[in-house]
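One file, my_file.pdb, carrying PDB, C-alpha atoms:
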```
ATOM      1  CA  MET W   1      10.682   9.979 -20.326
ATOM      2  CA  THR W   2      10.032   6.491 -18.932
ATOM      3  CA  ARG W   3       6.556   5.393 -17.898
ATOM      4  CA  VAL W   4       7.971   3.285 -15.085
ATOM      5  CA  PRO W   5       6.695   4.621 -11.757
ATOM      6  CA  PRO W   6       9.546   6.013  -9.666
ATOM      7  CA  ALA W   7      10.577   3.937  -6.685
ATOM      8  CA  GLU W   8       8.808   5.020  -3.528
ATOM      9  CA  TRP W   9      12.037   6.403  -2.080
ATOM     10  CA  ALA W  10      12.328   8.881  -4.973
ATOM     11  CA  PRO W  11      11.224  12.464  -4.112
ATOM     12  CA  HIS W  12       7.508  13.149  -3.661
ATOM     13  CA  ALA W  13       5.600  16.340  -4.348
ATOM     14  CA  ALA W  14       2.739  15.244  -2.107
ATOM     15  CA  VAL W  15       0.819  12.238  -0.827
ATOM     16  CA  TRP W  16      -2.864  11.399  -0.777
ATOM     17  CA  ILE W  17      -3.942   9.820   2.522
ATOM     18  CA  GLY W  18      -7.451   8.491   3.089
ATOM     19  CA  PHE W  19      -9.208   9.749   6.236
ATOM     20  CA  PRO W  20     -11.792   7.438   7.892
ATOM     21  CA  SER W  21     -15.146   8.965   7.038
ATOM     22  CA  HIS W  22     -17.916   6.392   7.398
ATOM     23  CA  PRO W  23     -19.043   5.551  10.964
ATOM     24  CA  GLU W  24     -21.070   2.614   9.681
ATOM     25  CA  LEU W  25     -17.889   0.982   8.332
ATOM     26  CA  TRP W  26     -15.569   1.734  11.249
ATOM     27  CA  ALA W  27     -18.088   1.482  14.121
ATOM     28  CA  ASP W  28     -16.301   1.542  17.497
ATOM     29  CA  ASP W  29     -12.906   1.840  15.798
ATOM     30  CA  LEU W  30     -13.647   5.162  14.051
ATOM     31  CA  ASP W  31     -12.115   7.552  16.595
ATOM     32  CA  GLN W  32      -8.975   5.474  17.098
ATOM     33  CA  ALA W  33      -8.554   4.954  13.347
ATOM     34  CA  ARG W  34      -8.754   8.715  12.827
ATOM     35  CA  GLU W  35      -6.129   9.268  15.514
ATOM     36  CA  GLU W  36      -3.817   6.713  13.896
ATOM     37  CA  VAL W  37      -4.248   8.267  10.451
ATOM     38  CA  ALA W  38      -3.581  11.757  11.831
ATOM     39  CA  ALA W  39      -0.414  10.520  13.565
ATOM     40  CA  PHE W  40       0.720   8.964  10.278
ATOM     41  CA  ALA W  41       0.071  12.234   8.451
ATOM     42  CA  HIS W  42       2.086  14.157  11.070
ATOM     43  CA  ALA W  43       5.022  11.791  10.676
ATOM     44  CA  VAL W  44       4.980  12.043   6.872
ATOM     45  CA  HIS W  45       4.705  15.846   6.954
ATOM     46  CA  ALA W  46       7.593  15.967   9.457
ATOM     47  CA  ASP W  47       6.945  19.596  10.472
ATOM     48  CA  GLY W  48       7.344  20.731   6.875
ATOM     49  CA  ARG W  49      10.522  18.775   6.169
ATOM     50  CA  GLY W  50       8.612  15.953   4.500
ATOM     51  CA  GLU W  51       5.971  16.289   1.818
ATOM     52  CA  GLN W  52       2.637  17.982   1.354
ATOM     53  CA  VAL W  53      -0.132  15.900   2.880
ATOM     54  CA  LEU W  54      -3.471  15.779   1.085
ATOM     55  CA  LEU W  55      -5.968  14.240   3.501
ATOM     56  CA  VAL W  56      -8.888  12.897   1.500
ATOM     57  CA  ALA W  57     -12.231  12.953   3.317
ATOM     58  CA  ALA W  58     -15.459  11.545   1.930
ATOM     59  CA  ASP W  59     -17.765  14.260   3.301
ATOM     60  CA  ASP W  60     -17.812  17.599   5.086
ATOM     61  CA  GLU W  61     -18.091  16.132   8.595
ATOM     62  CA  ALA W  62     -14.987  14.043   8.101
ATOM     63  CA  ALA W  63     -13.212  17.017   6.524
ATOM     64  CA  VAL W  64     -13.786  19.141   9.626
ATOM     65  CA  ALA W  65     -12.418  16.375  11.837
ATOM     66  CA  ALA W  66      -9.423  15.857   9.547
ATOM     67  CA  GLN W  67      -8.512  19.557   9.520
ATOM     68  CA  ALA W  68      -8.782  19.773  13.308
ATOM     69  CA  MET W  69      -6.534  16.750  13.808
ATOM     70  CA  ALA W  70      -4.001  17.682  11.090
ATOM     71  CA  PRO W  71      -4.048  21.497  10.672
ATOM     72  CA  PHE W  72      -0.909  21.382   8.494
ATOM     73  CA  ALA W  73      -2.641  19.235   5.854
ATOM     74  CA  GLN W  74      -4.660  20.242   2.827
ATOM     75  CA  VAL W  75      -8.021  18.529   3.231
ATOM     76  CA  VAL W  76      -9.711  17.373   0.032
ATOM     77  CA  VAL W  77     -13.370  16.344  -0.021
ATOM     78  CA  GLU W  78     -14.093  13.612  -2.566
ATOM     79  CA  PRO W  79     -16.702  10.907  -1.961
ATOM     80  CA  PHE W  80     -15.229   7.430  -1.633
ATOM     81  CA  GLY W  81     -16.206   4.033  -0.308
ATOM     82  CA  ASP W  82     -13.255   3.683   2.062
ATOM     83  CA  ILE W  83      -9.744   4.935   2.722
ATOM     84  CA  TRP W  84      -7.641   2.430   0.753
ATOM     85  CA  LEU W  85      -6.214   4.920  -1.749
ATOM     86  CA  ARG W  86      -3.216   2.749  -2.587
ATOM     87  CA  ASP W  87      -5.713   0.664  -4.550
ATOM     88  CA  THR W  88      -8.297   3.214  -5.693
ATOM     89  CA  ALA W  89      -6.125   6.246  -6.539
ATOM     90  CA  ALA W  90      -4.274   6.418  -9.841
ATOM     91  CA  ILE W  91      -0.693   5.167 -10.142
ATOM     92  CA  LEU W  92       1.620   8.022 -11.094
ATOM     93  CA  GLY W  93       4.137   7.020 -13.725
ATOM     94  CA  GLY W  94       7.553   8.400 -14.529
ATOM     95  CA  ASP W  95       5.872  10.090 -17.488
ATOM     96  CA  GLY W  96       4.042  12.397 -15.051
ATOM     97  CA  LYS W  97       0.679  10.929 -16.036
ATOM     98  CA  ALA W  98      -1.999   9.390 -13.864
ATOM     99  CA  HIS W  99      -2.547   5.767 -14.839
ATOM    100  CA  ASP W 100      -6.111   4.937 -13.853
ATOM    101  CA  PHE W 101      -6.923   1.230 -13.734
ATOM    102  CA  GLY W 102     -10.194  -0.561 -13.210
ATOM    103  CA  PHE W 103     -11.285  -1.343  -9.660
ATOM    104  CA  ASN W 104     -13.894  -3.945  -8.690
ATOM    105  CA  GLY W 105     -13.820  -3.997  -4.902
ATOM    106  CA  TRP W 106     -10.974  -6.510  -4.524
ATOM    107  CA  GLY W 107     -12.630  -9.131  -6.657
ATOM    108  CA  GLY W 108     -16.190  -8.154  -5.825
ATOM    109  CA  LYS W 109     -15.839  -8.402  -2.032
ATOM    110  CA  TYR W 110     -16.493  -4.753  -1.135
ATOM    111  CA  ASP W 111     -18.420  -2.826  -3.770
ATOM    112  CA  LEU W 112     -18.625   0.666  -2.237
ATOM    113  CA  PRO W 113     -19.878   3.790  -4.052
ATOM    114  CA  GLY W 114     -17.148   6.166  -5.172
ATOM    115  CA  ASP W 115     -14.220   3.772  -5.050
ATOM    116  CA  ASP W 116     -14.289   3.044  -8.773
ATOM    117  CA  ASP W 117     -13.707   6.659  -9.878
ATOM    118  CA  VAL W 118     -12.108   8.477  -6.928
ATOM    119  CA  GLY W 119      -8.698   8.014  -8.553
ATOM    120  CA  ALA W 120      -9.675   9.952 -11.660
ATOM    121  CA  ARG W 121     -11.344  12.674  -9.588
ATOM    122  CA  LEU W 122      -8.251  13.169  -7.443
ATOM    123  CA  ALA W 123      -6.014  13.237 -10.526
ATOM    124  CA  ARG W 124      -8.183  15.918 -12.137
ATOM    125  CA  ARG W 125      -7.793  18.051  -9.025
ATOM    126  CA  ARG W 126      -4.022  17.947  -9.616
ATOM    127  CA  HIS W 127      -4.539  18.792 -13.323
ATOM    128  CA  LEU W 128      -2.832  15.550 -14.290
ATOM    129  CA  THR W 129      -3.206  13.890 -17.666
ATOM    130  CA  ILE W 130      -5.212  10.724 -17.057
ATOM    131  CA  LEU W 131      -4.606   7.521 -18.996
ATOM    132  CA  ALA W 132      -7.408   4.994 -18.452
ATOM    133  CA  HIS W 133      -6.524   1.303 -18.664
ATOM    134  CA  ASP W 134      -9.193  -1.318 -19.247
ATOM    135  CA  TRP W 135      -8.165  -3.972 -16.728
ATOM    136  CA  VAL W 136      -8.252  -4.278 -12.951
ATOM    137  CA  LEU W 137      -5.008  -3.454 -11.133
ATOM    138  CA  GLU W 138      -4.696  -2.244  -7.556
ATOM    139  CA  GLY W 139      -1.641  -0.275  -6.454
ATOM    140  CA  GLY W 140      -1.040  -2.552  -3.486
ATOM    141  CA  ALA W 141      -0.725  -5.532  -5.827
ATOM    142  CA  ILE W 142       2.607  -4.333  -7.245
ATOM    143  CA  ASP W 143       5.836  -2.771  -5.988
ATOM    144  CA  GLY W 144       8.632  -1.512  -8.217
ATOM    145  CA  ASP W 145      12.273  -0.641  -7.662
ATOM    146  CA  GLY W 146      12.362   2.179 -10.231
ATOM    147  CA  THR W 147      14.525   0.272 -12.729
ATOM    148  CA  GLY W 148      11.710  -1.549 -14.528
ATOM    149  CA  LEU W 149      11.550  -4.483 -12.110
ATOM    150  CA  VAL W 150       8.206  -5.095 -10.390
ATOM    151  CA  VAL W 151       7.153  -7.677  -7.810
ATOM    152  CA  THR W 152       3.657  -9.113  -7.457
ATOM    153  CA  THR W 153       1.887 -12.304  -6.380
ATOM    154  CA  GLU W 154       0.236 -15.025  -8.395
ATOM    155  CA  GLN W 155      -2.582 -15.167  -5.856
ATOM    156  CA  CYS W 156      -3.670 -11.648  -6.762
ATOM    157  CA  LEU W 157      -2.774 -10.866 -10.373
ATOM    158  CA  LEU W 158      -3.612 -14.330 -11.666
ATOM    159  CA  ASN W 159      -6.931 -14.404  -9.822
ATOM    160  CA  PRO W 160      -9.909 -14.567 -12.220
ATOM    161  CA  ASN W 161     -11.955 -12.439  -9.807
ATOM    162  CA  ARG W 162     -10.002  -9.421 -11.099
ATOM    163  CA  ASN W 163      -9.647 -10.085 -14.817
ATOM    164  CA  PRO W 164     -11.086 -12.957 -16.883
ATOM    165  CA  LEU W 165      -8.732 -15.877 -17.554
ATOM    166  CA  PRO W 166      -5.495 -14.073 -16.660
ATOM    167  CA  THR W 167      -2.150 -15.619 -17.561
ATOM    168  CA  ALA W 168       1.307 -14.650 -16.362
ATOM    169  CA  GLU W 169       2.337 -13.821 -19.935
ATOM    170  CA  GLY W 170      -0.733 -11.651 -20.471
ATOM    171  CA  VAL W 171      -0.255  -9.777 -17.205
ATOM    172  CA  GLU W 172       3.416  -9.182 -17.981
ATOM    173  CA  GLN W 173       2.476  -7.749 -21.381
ATOM    174  CA  ARG W 174      -0.036  -5.356 -19.798
ATOM    175  CA  LEU W 175       2.394  -4.249 -17.098
ATOM    176  CA  ALA W 176       4.970  -3.527 -19.813
ATOM    177  CA  ALA W 177       2.567  -1.736 -22.141
ATOM    178  CA  ASP W 178       0.835   0.382 -19.496
ATOM    179  CA  LEU W 179       3.533   1.051 -16.873
ATOM    180  CA  GLY W 180       6.791   0.187 -18.630
ATOM    181  CA  PHE W 181       7.812  -2.684 -16.347
ATOM    182  CA  ASP W 182      10.133  -4.974 -18.296
ATOM    183  CA  ARG W 183      10.800  -7.588 -15.588
ATOM    184  CA  VAL W 184       8.286  -9.250 -13.254
ATOM    185  CA  LEU W 185       9.169 -11.144 -10.099
ATOM    186  CA  TRP W 186       6.292 -13.504  -9.351
ATOM    187  CA  LEU W 187       5.816 -14.460  -5.718
ATOM    188  CA  GLY W 188       3.217 -17.051  -4.755
ATOM    189  CA  ALA W 189       0.604 -16.354  -2.099
ATOM    190  CA  GLY W 190       0.147 -13.379   0.181
ATOM    191  CA  LEU W 191      -0.604 -13.322   3.888
ATOM    192  CA  LEU W 192      -3.203 -15.542   5.483
ATOM    193  CA  ASN W 193      -6.699 -13.983   5.686
ATOM    194  CA  ASP W 194      -5.745 -10.984   3.539
ATOM    195  CA  HIS W 195      -8.993 -10.004   1.798
ATOM    196  CA  THR W 196      -6.996  -8.392  -1.031
ATOM    197  CA  ASP W 197      -6.066 -11.888  -2.244
ATOM    198  CA  GLY W 198      -2.396 -11.499  -1.503
ATOM    199  CA  HIS W 199      -1.322  -7.909  -2.072
ATOM    200  CA  VAL W 200       2.444  -7.810  -2.279
ATOM    201  CA  ASP W 201       2.773  -4.626  -0.192
ATOM    202  CA  ASN W 202       1.894  -6.719   2.856
ATOM    203  CA  LEU W 203       4.471  -9.373   1.966
ATOM    204  CA  ALA W 204       7.546  -7.946   0.233
ATOM    205  CA  ARG W 205       8.807  -4.422  -0.477
ATOM    206  CA  PHE W 206      11.682  -3.072  -2.522
ATOM    207  CA  VAL W 207      14.101  -1.059  -0.378
ATOM    208  CA  GLY W 208      16.638  -0.353  -3.120
ATOM    209  CA  PRO W 209      17.296  -1.383  -6.718
ATOM    210  CA  GLY W 210      17.185  -5.169  -6.771
ATOM    211  CA  ARG W 211      16.844  -5.335  -2.952
ATOM    212  CA  LEU W 212      13.640  -6.843  -1.556
ATOM    213  CA  ALA W 213      12.638  -6.842   2.103
ATOM    214  CA  ILE W 214      10.780 -10.000   3.152
ATOM    215  CA  PRO W 215       9.742 -11.015   6.680
ATOM    216  CA  VAL W 216      11.360 -13.863   8.539
ATOM    217  CA  ALA W 217       8.989 -15.927  10.630
ATOM    218  CA  ALA W 218       8.421 -15.288  14.303
ATOM    219  CA  GLU W 219       7.457 -18.071  16.699
ATOM    220  CA  ASN W 220       4.085 -19.627  15.828
ATOM    221  CA  ASP W 221       3.965 -17.486  12.689
ATOM    222  CA  PRO W 222       1.001 -18.512  10.482
ATOM    223  CA  ASN W 223       2.783 -17.191   7.379
ATOM    224  CA  TRP W 224       6.150 -18.906   7.736
ATOM    225  CA  ARG W 225       5.789 -21.039   4.612
ATOM    226  CA  ILE W 226       4.678 -17.989   2.612
ATOM    227  CA  TYR W 227       7.732 -15.988   3.703
ATOM    228  CA  GLN W 228      10.076 -18.876   2.927
ATOM    229  CA  ASP W 229       8.596 -19.414  -0.527
ATOM    230  CA  ALA W 230       8.766 -15.687  -1.315
ATOM    231  CA  ALA W 231      12.427 -15.489  -0.320
ATOM    232  CA  ASP W 232      13.288 -18.590  -2.355
ATOM    233  CA  ARG W 233      11.567 -17.194  -5.456
ATOM    234  CA  ALA W 234      13.256 -13.800  -5.067
ATOM    235  CA  ARG W 235      16.715 -15.321  -4.756
ATOM    236  CA  ARG W 236      16.143 -17.522  -7.802
ATOM    237  CA  HIS W 237      15.228 -14.368  -9.699
ATOM    238  CA  GLY W 238      18.577 -12.819  -8.752
ATOM    239  CA  VAL W 239      17.156 -10.361  -6.224
ATOM    240  CA  GLU W 240      18.899  -9.653  -2.926
ATOM    241  CA  VAL W 241      16.640 -10.590  -0.007
ATOM    242  CA  VAL W 242      16.741  -8.373   3.076
ATOM    243  CA  PRO W 243      15.223 -10.114   6.127
ATOM    244  CA  ILE W 244      12.890  -8.110   8.388
ATOM    245  CA  PRO W 245      11.249  -9.432  11.570
ATOM    246  CA  SER W 246       7.618 -10.445  11.393
ATOM    247  CA  PRO W 247       4.954  -9.562  13.982
ATOM    248  CA  GLY W 248       4.012 -13.217  14.027
ATOM    249  CA  ARG W 249       0.559 -14.409  14.993
ATOM    250  CA  VAL W 250      -1.632 -11.352  15.604
ATOM    251  CA  LEU W 251      -5.227 -11.993  16.648
ATOM    252  CA  ARG W 252      -8.302  -9.783  16.613
ATOM    253  CA  ASP W 253     -11.479 -11.304  18.091
ATOM    254  CA  GLU W 254      -9.662 -14.656  18.168
ATOM    255  CA  ALA W 255      -9.040 -14.553  14.393
ATOM    256  CA  ILE W 256      -5.642 -14.301  12.683
ATOM    257  CA  VAL W 257      -5.279 -10.941  10.916
ATOM    258  CA  PRO W 258      -2.769  -9.986   8.179
ATOM    259  CA  ALA W 259      -0.558  -7.783  10.348
ATOM    260  CA  SER W 260       2.697  -6.884   8.602
ATOM    261  CA  TYR W 261       5.581  -4.492   9.112
ATOM    262  CA  MET W 262       5.987  -4.539   5.305
ATOM    263  CA  ASN W 263       3.088  -2.092   4.994
ATOM    264  CA  PHE W 264       5.432   0.804   5.756
ATOM    265  CA  TYR W 265       5.345   4.080   3.805
ATOM    266  CA  ILE W 266       8.555   5.641   2.457
ATOM    267  CA  GLY W 267       8.235   9.438   2.570
ATOM    268  CA  ASN W 268      10.663  12.226   1.763
ATOM    269  CA  ALA W 269      11.749  12.692   5.375
ATOM    270  CA  ALA W 270      10.373   9.671   7.196
ATOM    271  CA  VAL W 271       9.598   6.004   6.815
ATOM    272  CA  VAL W 272       6.516   5.120   8.855
ATOM    273  CA  VAL W 273       6.191   1.529  10.062
ATOM    274  CA  PRO W 274       2.924   0.078  11.417
ATOM    275  CA  LEU W 275       3.137  -1.524  14.849
ATOM    276  CA  TYR W 276       0.759  -3.933  16.556
ATOM    277  CA  GLY W 277       2.025  -4.421  20.089
ATOM    278  CA  ALA W 278       3.933  -7.532  18.987
ATOM    279  CA  PRO W 279       7.219  -8.656  20.554
ATOM    280  CA  ASP W 280       9.261  -7.729  17.464
ATOM    281  CA  ASP W 281       7.864  -4.193  16.986
ATOM    282  CA  ALA W 282      11.088  -2.465  18.064
ATOM    283  CA  ALA W 283      13.315  -4.926  16.191
ATOM    284  CA  ALA W 284      11.377  -4.314  12.974
ATOM    285  CA  VAL W 285      11.753  -0.550  13.282
ATOM    286  CA  ASP W 286      15.492  -0.943  13.882
ATOM    287  CA  ALA W 287      15.877  -3.263  10.879
ATOM    288  CA  ILE W 288      14.022  -0.898   8.562
ATOM    289  CA  ALA W 289      15.931   2.107   9.970
ATOM    290  CA  ALA W 290      19.185   0.456   8.914
ATOM    291  CA  LEU W 291      17.914   0.456   5.312
ATOM    292  CA  PHE W 292      17.054   4.180   5.242
ATOM    293  CA  PRO W 293      19.840   6.044   7.076
ATOM    294  CA  ASP W 294      18.890   9.339   5.396
ATOM    295  CA  ARG W 295      15.349   9.293   6.841
ATOM    296  CA  ALA W 296      13.775   9.158  10.254
ATOM    297  CA  VAL W 297      12.122   5.774  10.732
ATOM    298  CA  VAL W 298       9.038   6.039  12.926
ATOM    299  CA  GLY W 299       6.959   3.201  14.342
ATOM    300  CA  LEU W 300       3.303   3.978  15.009
ATOM    301  CA  ARG W 301       0.464   1.805  16.230
ATOM    302  CA  ALA W 302      -2.024   0.846  13.528
ATOM    303  CA  ASP W 303      -4.387  -1.469  15.408
ATOM    304  CA  ALA W 304      -7.621   0.303  14.466
ATOM    305  CA  ILE W 305      -6.629   0.805  10.826
ATOM    306  CA  LEU W 306      -5.892  -2.922  10.643
ATOM    307  CA  THR W 307      -9.500  -3.691  11.598
ATOM    308  CA  GLY W 308     -10.377  -2.346   8.155
ATOM    309  CA  GLY W 309      -7.912  -4.724   6.518
ATOM    310  CA  GLY W 310      -4.745  -2.725   5.917
ATOM    311  CA  SER W 311      -2.270  -0.199   7.244
ATOM    312  CA  PHE W 312      -0.269   2.940   6.370
ATOM    313  CA  HIS W 313       0.832   1.938   2.872
ATOM    314  CA  CYS W 314      -2.684   0.839   1.987
ATOM    315  CA  ILE W 315      -4.220   4.226   2.832
ATOM    316  CA  SER W 316      -1.682   6.338   0.948
ATOM    317  CA  GLN W 317      -0.612   7.021  -2.623
ATOM    318  CA  GLN W 318       2.410   9.205  -3.304
ATOM    319  CA  ILE W 319       2.578  11.862  -6.018
ATOM    320  CA  PRO W 320       6.149  11.862  -7.403
ATOM    321  CA  ALA W 321       7.979  15.168  -7.662
TER     322      ALA W 321
END
```
If you took the structure in this file and wrote it as structure tokens, what would it be?
Amino acid sequence: MTRVPPAEWAPHAAVWIGFPSHPELWADDLDQAREEVAAFAHAVHADGRGEQVLLVAADDEAAVAAQAMAPFAQVVVEPFGDIWLRDTAAILGGDGKAHDFGFNGWGGKYDLPGDDDVGARLARRRHLTILAHDWVLEGGAIDGDGTGLVVTTEQCLLNPNRNPLPTAEGVEQRLAADLGFDRVLWLGAGLLNDHTDGHVDNLARFVGPGRLAIPVAAENDPNWRIYQDAADRARRHGVEVVPIPSPGRVLRDEAIVPASYMNFYIGNAAVVVPLYGAPDDAAAVDAIAALFPDRAVVGLRADAILTGGGSFHCISQQIPA
């Protein structure tokens, strides 16, 4: 059995979704963030046609709120720093094992209690065999197409704030040894002002074997050079590039934020796309719907979640069937 993680469009047994739990982190955005997360969970569950939703709450108060807002979900209480389970939960390989990597708060930016071991604790709850790996790797930093090809960015995986003196060759060897990836597509930088140092799941996503969705710039788009460079690198690698509209320049408190339609989640029954009230919201949903004709494609607002730095893909981690 291959270690390569199944592509996200492969069947899921369940999904972990982080539920906003800390008022001191979310402040005035807490209630809206909880509503957005609950709406996401509803869409993924799809009235039982989708997958089991495991809402992860950090404490009993948040658990009560989560159960009230998503009565169909199984609520799990495990202390964590924040909801970004794509990065803190284990990566489930094709071998059925939970691959648990180091986590250092996105290069030491946000060192929050519980984030470094919540992945192992959640895996133990599922009675999964845990394989611990002694280097820092966040789930949002990579995306695979299920064939052994993985895409990442130099800005993140070659950043010495994650691992000391990383090299492309060394990272490729670790990705092969630990997760079975035998080909690596290196993109350059991620989105402007992304505190993850360029996570690829905000920039480019596989939508089929050898098919990579990448945004095309909207008017006044602060990331237009980044999108162009990513598409050029992908084509040189022999990957088919699928263009998706970009939300363009999205501001919060007069600052550019890393809003991206690429942070969609591919579930069993639905693909859920984050929306921001941008002119191309509907066009992005239509473009992504054309790629997944066997699933409902749902666009949901994610404004409050974005204040924490991410969106639907960032707060979820699928458990393959």
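Using all atoms listed in the file, the protein and nucleic acid residues lying no more than 9 Å from W:Leu137, apart from those fewer than 5 places from it along its own chain, are Asp87, Asp100, Phe101, Gly102, Phe103, Ile142, Leu157, Arg162 and Asn163 of chain W.
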Since we have the selection now, will you write its residues out, keeping C-alpha atoms, as a PDB file, in the frame of the given file?
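Writing done, so here's result.pdb:
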```
ATOM      1  CA  ASP W  87      -5.713   0.664  -4.550  1.00  0.00           C
ATOM      2  CA  ASP W 100      -6.111   4.937 -13.853  1.00  0.00           C
ATOM      3  CA  PHE W 101      -6.923   1.230 -13.734  1.00  0.00           C
ATOM      4  CA  GLY W 102     -10.194  -0.561 -13.210  1.00  0.00           C
ATOM      5  CA  PHE W 103     -11.285  -1.343  -9.660  1.00  0.00           C
ATOM      6  CA  ILE W 142       2.607  -4.333  -7.245  1.00  0.00           C
ATOM      7  CA  LEU W 157      -2.774 -10.866 -10.373  1.00  0.00           C
ATOM      8  CA  ARG W 162     -10.002  -9.421 -11.099  1.00  0.00           C
ATOM      9  CA  ASN W 163      -9.647 -10.085 -14.817  1.00  0.00           C
TER      10      ASN W 163
END
```
Contacts of stretch 105-118 of chain W at 8 Å (only C-alpha atoms; same-chain gap of 2+ positions) as an MDAnalysis selection string: chainID W and resid 78:82 88:89 102:103 120:122 161:162 195:197
Evaluate the PyMOL selection byres ((chain W and resi 36-50) around 7) on the structure here and hand back the selected residues as an MDAnalysis selection string. chainID W and resid 19 32:35 51:53 69:70 267:270 301:302
Which value, in Å to one decimal, gives the distance between atom CA of W:Asn159 and atom CA of W:Glu138? 12.6 Å
Compare W:His12, W:Arg249, W:Arg205, W:Arg233 by their minimum atom-to-atom distance to W:Ala218, counting all atoms listed in the file, and give me the closest one. W:Arg249
If you count only C-alpha atoms, which residues fall within 7 Å of W:Phe312, apart from same-chain ones fewer than 6 positions away, as a list in words? Asn263, Phe264, Tyr265 and Pro274 of chain W
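Interatomic distance, atom CA of W:Ala13 against atom CA of W:Leu128: 13.1 Å.
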For this structure, which residues satisfy the selection - the PyMOL selection byres ((chain W and resi 282) around 12) - when it is evaluated on the file as given? I want them as a short mmCIF file (atom, residue, chain, number, x, y, z; two decimals) with C-alpha atoms, in the coordinates of the input.
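Result file follows (out30.cif):
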```cif
data_model
loop_
_atom_site.label_atom_id
_atom_site.label_comp_id
_atom_site.auth_asym_id
_atom_site.auth_seq_id
_atom_site.Cartn_x
_atom_site.Cartn_y
_atom_site.Cartn_z
CA ILE W 244 12.89 -8.11 8.39
CA PRO W 245 11.25 -9.43 11.57
CA SER W 246 7.62 -10.44 11.39
CA PRO W 247 4.95 -9.56 13.98
CA TYR W 261 5.58 -4.49 9.11
CA VAL W 273 6.19 1.53 10.06
CA PRO W 274 2.92 0.08 11.42
CA LEU W 275 3.14 -1.52 14.85
CA TYR W 276 0.76 -3.93 16.56
CA GLY W 277 2.02 -4.42 20.09
CA ALA W 278 3.93 -7.53 18.99
CA PRO W 279 7.22 -8.66 20.55
CA ASP W 280 9.26 -7.73 17.46
CA ASP W 281 7.86 -4.19 16.99
CA ALA W 283 13.32 -4.93 16.19
CA ALA W 284 11.38 -4.31 12.97
CA VAL W 285 11.75 -0.55 13.28
CA ASP W 286 15.49 -0.94 13.88
CA ALA W 287 15.88 -3.26 10.88
CA ILE W 288 14.02 -0.90 8.56
CA ALA W 289 15.93 2.11 9.97
CA VAL W 297 12.12 5.77 10.73
CA VAL W 298 9.04 6.04 12.93
CA GLY W 299 6.96 3.20 14.34
CA LEU W 300 3.30 3.98 15.01
CA ARG W 301 0.46 1.80 16.23
#
```
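Across the model, the gap from atom CA of W:Val242 to atom CA of W:Gly93 is 26.0 Å.
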Applied to this file, what does the PyMOL selection byres ((chain W and resi 146) around 6) return in terms of residues, put as number ranges by chain? W: 6-7, 144-145, 147-148
Write out as a VMD selection string which residues come within 6 Å of W:Ala90 when counting only C-alpha atoms, dropping same-chain ones fewer than 4 positions away. chain W and resid 98 to 100 119
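With only C-alpha atoms taken into account, the protein and nucleic acid residues at most 8 Å from W:His199 (excluding it and anything under 2 positions from it in its own chain) are Gly140, Ala141, Ile142, Thr152, Thr153, Cys156, Gly190, Asp194, Thr196, Asp197, Asp201, Asn202 and Leu203 of chain W.
Closest approach to W:Pro258 among W:Leu85, W:Ala296, W:Leu306, W:Leu185 is made by W:Leu306 (distances from all atoms listed in the file).
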Report, as lines of an AutoDock Vina configuration file, the axis-aligned box around all atoms of stretch 110-120 of chain W present in the file, extended by 5 Å on each side; give centre and edge lengths in Å to one decimal place.
```
center_x = -14.3
center_y = 2.6
center_z = -6.4
size_x = 21.2
size_y = 24.7
size_z = 20.5
```
Using all atoms listed in the file: which of W:Glu61, W:Asp143, W:Glu169, W:Asp303 has the shortest distance to W:Arg86: W:Asp143
Closest of W:Ile17, W:His127, W:Asp95, W:Gly310 to W:Val75, counting all atoms listed in the file, is W:Ile17
When you count only C-alpha atoms, which of these residues is closest to W:Leu179: W:Gly309, W:Pro5, W:Pro293, W:Pro320? W:Pro5
Considering only C-alpha atoms, state which residue in the set W:Ala58, W:Ala204, W:Pro209, W:Ser260 is at the smallest distance from W:Asp221. W:Ser260
